[in-house]
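Visitor: protein.cif (mmCIF, N, CA and C atoms) pasted underneath:
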```cif
data_protein
loop_
_atom_site.group_PDB
_atom_site.id
_atom_site.type_symbol
_atom_site.label_atom_id
_atom_site.label_comp_id
_atom_site.auth_asym_id
_atom_site.auth_seq_id
_atom_site.Cartn_x
_atom_site.Cartn_y
_atom_site.Cartn_z
ATOM 1 N N MET A 685 61.715 -195.885 31.668
ATOM 2 C CA MET A 685 60.797 -194.774 31.651
ATOM 3 C C MET A 685 61.119 -193.890 30.449
ATOM 4 N N ARG A 686 60.095 -193.549 29.681
ATOM 5 C CA ARG A 686 60.293 -192.737 28.483
ATOM 6 C C ARG A 686 60.326 -191.261 28.828
ATOM 7 N N LYS A 687 61.189 -190.559 28.120
ATOM 8 C CA LYS A 687 61.227 -189.106 28.255
ATOM 9 C C LYS A 687 60.186 -188.502 27.333
ATOM 10 N N LYS A 688 59.555 -187.437 27.807
ATOM 11 C CA LYS A 688 58.631 -186.720 26.944
ATOM 12 C C LYS A 688 59.445 -185.920 25.940
ATOM 13 N N PRO A 689 58.985 -185.848 24.711
ATOM 14 C CA PRO A 689 59.721 -185.037 23.741
ATOM 15 C C PRO A 689 59.649 -183.565 24.141
ATOM 16 N N ALA A 690 60.748 -182.893 23.976
ATOM 17 C CA ALA A 690 60.800 -181.474 24.325
ATOM 18 C C ALA A 690 59.976 -180.673 23.332
ATOM 19 N N VAL A 691 59.191 -179.771 23.866
ATOM 20 C CA VAL A 691 58.415 -178.877 23.017
ATOM 21 C C VAL A 691 59.282 -177.664 22.739
ATOM 22 N N PRO A 692 59.535 -177.374 21.472
ATOM 23 C CA PRO A 692 60.399 -176.238 21.175
ATOM 24 C C PRO A 692 59.744 -174.932 21.632
ATOM 25 N N ALA A 693 60.544 -174.063 22.198
ATOM 26 C CA ALA A 693 60.051 -172.765 22.649
ATOM 27 C C ALA A 693 59.798 -171.874 21.437
ATOM 28 N N VAL A 694 58.702 -171.179 21.482
ATOM 29 C CA VAL A 694 58.399 -170.184 20.466
ATOM 30 C C VAL A 694 58.532 -168.846 21.154
ATOM 31 N N GLU A 695 59.502 -168.067 20.712
ATOM 32 C CA GLU A 695 59.799 -166.807 21.382
ATOM 33 C C GLU A 695 59.622 -165.631 20.432
ATOM 34 N N VAL A 696 59.225 -164.505 21.005
ATOM 35 C CA VAL A 696 59.060 -163.279 20.238
ATOM 36 C C VAL A 696 59.808 -162.160 20.947
ATOM 37 N N THR A 697 60.086 -161.096 20.208
ATOM 38 C CA THR A 697 60.755 -159.938 20.801
ATOM 39 C C THR A 697 59.774 -159.163 21.666
ATOM 40 N N SER A 698 60.306 -158.260 22.474
ATOM 41 C CA SER A 698 59.433 -157.445 23.319
ATOM 42 C C SER A 698 58.546 -156.533 22.479
ATOM 43 N N ALA A 699 59.036 -156.106 21.320
ATOM 44 C CA ALA A 699 58.221 -155.257 20.446
ATOM 45 C C ALA A 699 57.011 -156.025 19.915
ATOM 46 N N ILE A 700 57.223 -157.271 19.527
ATOM 47 C CA ILE A 700 56.110 -158.082 19.027
ATOM 48 C C ILE A 700 55.158 -158.425 20.161
ATOM 49 N N ALA A 701 55.695 -158.778 21.332
ATOM 50 C CA ALA A 701 54.842 -159.070 22.480
ATOM 51 C C ALA A 701 54.002 -157.851 22.841
ATOM 52 N N ALA A 702 54.612 -156.661 22.781
ATOM 53 C CA ALA A 702 53.888 -155.427 23.080
ATOM 54 C C ALA A 702 52.749 -155.215 22.096
ATOM 55 N N GLU A 703 53.013 -155.464 20.830
ATOM 56 C CA GLU A 703 51.980 -155.307 19.808
ATOM 57 C C GLU A 703 50.835 -156.295 20.041
ATOM 58 N N LEU A 704 51.167 -157.531 20.369
ATOM 59 C CA LEU A 704 50.142 -158.537 20.616
ATOM 60 C C LEU A 704 49.292 -158.203 21.836
ATOM 61 N N LEU A 705 49.924 -157.596 22.843
ATOM 62 C CA LEU A 705 49.212 -157.260 24.076
ATOM 63 C C LEU A 705 48.579 -155.876 24.039
ATOM 64 N N GLY A 706 48.952 -155.072 23.058
ATOM 65 C CA GLY A 706 48.410 -153.718 22.969
ATOM 66 C C GLY A 706 48.991 -152.779 24.000
ATOM 67 N N VAL A 707 50.261 -152.987 24.332
ATOM 68 C CA VAL A 707 50.943 -152.140 25.320
ATOM 69 C C VAL A 707 52.271 -151.649 24.740
ATOM 70 N N HIS A 708 52.926 -150.773 25.471
ATOM 71 C CA HIS A 708 54.235 -150.254 25.078
ATOM 72 C C HIS A 708 55.307 -151.305 25.408
ATOM 73 N N PRO A 709 56.389 -151.364 24.631
ATOM 74 C CA PRO A 709 57.455 -152.330 24.937
ATOM 75 C C PRO A 709 58.021 -152.200 26.359
ATOM 76 N N ARG A 710 58.034 -151.005 26.914
ATOM 77 C CA ARG A 710 58.505 -150.861 28.307
ATOM 78 C C ARG A 710 57.570 -151.564 29.281
ATOM 79 N N THR A 711 56.287 -151.567 28.955
ATOM 80 C CA THR A 711 55.322 -152.274 29.798
ATOM 81 C C THR A 711 55.600 -153.767 29.767
ATOM 82 N N VAL A 712 56.017 -154.276 28.622
ATOM 83 C CA VAL A 712 56.380 -155.698 28.520
ATOM 84 C C VAL A 712 57.544 -155.999 29.460
ATOM 85 N N LEU A 713 58.532 -155.119 29.526
ATOM 86 C CA LEU A 713 59.656 -155.333 30.442
ATOM 87 C C LEU A 713 59.189 -155.350 31.896
ATOM 88 N N ARG A 714 58.244 -154.470 32.237
ATOM 89 C CA ARG A 714 57.695 -154.487 33.598
ATOM 90 C C ARG A 714 56.947 -155.791 33.855
ATOM 91 N N MET A 715 56.232 -156.279 32.847
ATOM 92 C CA MET A 715 55.515 -157.552 32.991
ATOM 93 C C MET A 715 56.476 -158.711 33.213
ATOM 94 N N ILE A 716 57.623 -158.663 32.537
ATOM 95 C CA ILE A 716 58.648 -159.692 32.728
ATOM 96 C C ILE A 716 59.173 -159.629 34.159
ATOM 97 N N ARG A 717 59.501 -158.430 34.617
ATOM 98 C CA ARG A 717 60.049 -158.263 35.981
ATOM 99 C C ARG A 717 59.054 -158.692 37.059
ATOM 100 N N ARG A 718 57.750 -158.465 36.806
ATOM 101 C CA ARG A 718 56.710 -158.876 37.765
ATOM 102 C C ARG A 718 56.462 -160.376 37.720
ATOM 103 N N GLY A 719 56.904 -161.033 36.661
ATOM 104 C CA GLY A 719 56.667 -162.462 36.517
ATOM 105 C C GLY A 719 55.404 -162.784 35.745
ATOM 106 N N ASP A 720 54.795 -161.776 35.115
ATOM 107 C CA ASP A 720 53.588 -162.004 34.318
ATOM 108 C C ASP A 720 53.898 -162.684 32.991
ATOM 109 N N LEU A 721 55.115 -162.507 32.487
ATOM 110 C CA LEU A 721 55.542 -163.111 31.225
ATOM 111 C C LEU A 721 56.808 -163.925 31.451
ATOM 112 N N VAL A 722 56.913 -165.040 30.753
ATOM 113 C CA VAL A 722 58.110 -165.878 30.800
ATOM 114 C C VAL A 722 59.040 -165.405 29.688
ATOM 115 N N ALA A 723 60.267 -165.084 30.058
ATOM 116 C CA ALA A 723 61.212 -164.561 29.075
ATOM 117 C C ALA A 723 62.630 -164.939 29.477
ATOM 118 N N ARG A 724 63.515 -164.804 28.506
ATOM 119 C CA ARG A 724 64.950 -164.986 28.790
ATOM 120 C C ARG A 724 65.686 -163.840 28.119
ATOM 121 N N GLN A 725 66.730 -163.393 28.790
ATOM 122 C CA GLN A 725 67.529 -162.305 28.236
ATOM 123 C C GLN A 725 68.723 -162.902 27.508
ATOM 124 N N LEU A 726 68.986 -162.374 26.331
ATOM 125 C CA LEU A 726 70.141 -162.838 25.579
ATOM 126 C C LEU A 726 71.415 -162.517 26.347
ATOM 127 N N THR A 727 72.419 -163.375 26.200
ATOM 128 C CA THR A 727 73.662 -163.175 26.932
ATOM 129 C C THR A 727 74.472 -162.042 26.311
ATOM 130 N N GLY A 728 75.249 -161.391 27.151
ATOM 131 C CA GLY A 728 76.099 -160.321 26.663
ATOM 132 C C GLY A 728 76.016 -159.060 27.490
ATOM 133 N N GLY A 729 75.197 -159.067 28.515
ATOM 134 C CA GLY A 729 75.119 -157.893 29.368
ATOM 135 C C GLY A 729 73.697 -157.454 29.637
ATOM 136 N N PRO A 730 73.553 -156.496 30.559
ATOM 137 C CA PRO A 730 72.219 -156.078 30.998
ATOM 138 C C PRO A 730 71.406 -155.320 29.955
ATOM 139 N N THR A 731 72.036 -154.876 28.883
ATOM 140 C CA THR A 731 71.295 -154.132 27.864
ATOM 141 C C THR A 731 70.824 -155.019 26.708
ATOM 142 N N MET A 732 71.099 -156.301 26.804
ATOM 143 C CA MET A 732 70.686 -157.219 25.735
ATOM 144 C C MET A 732 69.168 -157.413 25.781
ATOM 145 N N PRO A 733 68.559 -157.651 24.622
ATOM 146 C CA PRO A 733 67.101 -157.775 24.580
ATOM 147 C C PRO A 733 66.598 -159.085 25.184
ATOM 148 N N TYR A 734 65.308 -159.088 25.463
ATOM 149 C CA TYR A 734 64.616 -160.269 25.968
ATOM 150 C C TYR A 734 63.885 -160.957 24.823
ATOM 151 N N LEU A 735 63.758 -162.264 24.956
ATOM 152 C CA LEU A 735 62.893 -163.056 24.091
ATOM 153 C C LEU A 735 61.789 -163.604 24.990
ATOM 154 N N ILE A 736 60.552 -163.347 24.604
ATOM 155 C CA ILE A 736 59.409 -163.679 25.434
ATOM 156 C C ILE A 736 58.725 -164.914 24.877
ATOM 157 N N ASP A 737 58.375 -165.825 25.780
ATOM 158 C CA ASP A 737 57.684 -167.047 25.401
ATOM 159 C C ASP A 737 56.284 -166.691 24.891
ATOM 160 N N LEU A 738 55.993 -167.069 23.656
ATOM 161 C CA LEU A 738 54.720 -166.722 23.035
ATOM 162 C C LEU A 738 53.542 -167.331 23.783
ATOM 163 N N PHE A 739 53.725 -168.513 24.352
ATOM 164 C CA PHE A 739 52.647 -169.145 25.106
ATOM 165 C C PHE A 739 52.298 -168.327 26.346
ATOM 166 N N SER A 740 53.291 -167.685 26.974
ATOM 167 C CA SER A 740 52.987 -166.853 28.138
ATOM 168 C C SER A 740 52.270 -165.574 27.717
ATOM 169 N N VAL A 741 52.581 -165.066 26.520
ATOM 170 C CA VAL A 741 51.862 -163.895 25.994
ATOM 171 C C VAL A 741 50.397 -164.263 25.782
ATOM 172 N N GLU A 742 50.151 -165.405 25.152
ATOM 173 C CA GLU A 742 48.771 -165.838 24.901
ATOM 174 C C GLU A 742 48.031 -166.116 26.211
ATOM 175 N N ALA A 743 48.723 -166.695 27.196
ATOM 176 C CA ALA A 743 48.092 -166.957 28.492
ATOM 177 C C ALA A 743 47.723 -165.648 29.186
ATOM 178 N N LEU A 744 48.591 -164.644 29.085
ATOM 179 C CA LEU A 744 48.301 -163.351 29.693
ATOM 180 C C LEU A 744 47.140 -162.676 28.983
ATOM 181 N N LYS A 745 47.095 -162.787 27.660
ATOM 182 C CA LYS A 745 45.964 -162.229 26.910
ATOM 183 C C LYS A 745 44.662 -162.878 27.365
ATOM 184 N N LYS A 746 44.682 -164.175 27.545
ATOM 185 C CA LYS A 746 43.486 -164.898 27.984
ATOM 186 C C LYS A 746 43.080 -164.451 29.382
ATOM 187 N N LYS A 747 44.061 -164.307 30.260
ATOM 188 C CA LYS A 747 43.807 -163.871 31.633
ATOM 189 C C LYS A 747 43.214 -162.463 31.656
ATOM 190 N N ARG A 748 43.677 -161.618 30.730
ATOM 191 C CA ARG A 748 43.195 -160.239 30.658
ATOM 192 C C ARG A 748 41.885 -160.130 29.882
ATOM 193 N N GLY A 749 41.417 -161.236 29.324
ATOM 194 C CA GLY A 749 40.150 -161.234 28.609
ATOM 195 C C GLY A 749 40.242 -160.793 27.176
ATOM 196 N N GLN A 750 41.445 -160.811 26.595
ATOM 197 C CA GLN A 750 41.614 -160.465 25.197
ATOM 198 C C GLN A 750 41.507 -161.723 24.365
ATOM 199 N N SER A 751 40.920 -161.609 23.189
ATOM 200 C CA SER A 751 40.853 -162.765 22.306
ATOM 201 C C SER A 751 42.210 -162.977 21.653
ATOM 202 N N ALA A 752 42.431 -164.164 21.152
ATOM 203 C CA ALA A 752 43.714 -164.493 20.531
ATOM 204 C C ALA A 752 43.947 -163.710 19.254
ATOM 205 N N GLN A 753 42.887 -163.138 18.676
ATOM 206 C CA GLN A 753 43.053 -162.422 17.411
ATOM 207 C C GLN A 753 43.016 -160.913 17.586
ATOM 208 N N ASP A 754 42.997 -160.421 18.822
ATOM 209 C CA ASP A 754 43.035 -158.960 19.052
ATOM 210 C C ASP A 754 44.356 -158.382 18.623
#
```
Would you put the structure from the file into C-alpha cells?
Guide:
Amino acid sequence: MRKKPAVPAVEVTSAIAAELLGVHPRTVLRMIRRGDLVARQLTGGPTMPYLIDLFSVEALKKKRGQSAQD
C-alpha cells in the first residue's frame, strides 16, 4: 500500500491571520481556542506565539462569506 505524500503545512502568524480575516490578533486567539482555526503553539511556554494553518484561515474566510482577495 502506497503512502500519500505529505502536504507541507503553510503557516502564518496570528498578526497575518488577523489581517487576512480583518480582525484583531486577540480575536484570532479566541478563534483558535474555539476551534475555528487550526494552529500550533511554539514550544517554550504558554506565552509563545501560535502559527496558524493558512488553509484553515481560507476555509474560515469562505465560511464567513469573504472572498479570498479581501
Visitor: Which residues match the PyMOL selection byres (((chain A and resi 696 and name CA) around 12) and name CA) in the file above, as a PyMOL selection string?
Guide: chain A and resi 693-695+697-704+712+721-725+733-742
Visitor: Check the DSSP output for the backbone and give back, as a PyMOL selection string, the residues of chain A in alpha helix (DSSP H).
Guide: chain A and resi 698-705+709-718+738-747
Visitor: CA of Leu744 in chain A and CA of Met715 in chain A, how far apart in Å?
Guide: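 Here the two named atoms are 9.8 Å from each other.
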Visitor: To box range 742-748 of chain A, take all atoms listed in the file, fit an axis-aligned box, add 3 Å on each side, and give centre and edge lengths in Å to one decimal, as lines of an AutoDock Vina configuration file.
Guide:
```
center_x = 46.0
center_y = -163.5
center_z = 28.3
size_x = 14.3
size_y = 12.8
size_z = 12.8
```
Visitor: What is the distance between CA of Pro730 in chain A and CA of Val707 in chain A, in Å to one decimal?
Guide: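 These two atoms are separated by 22.4 Å.
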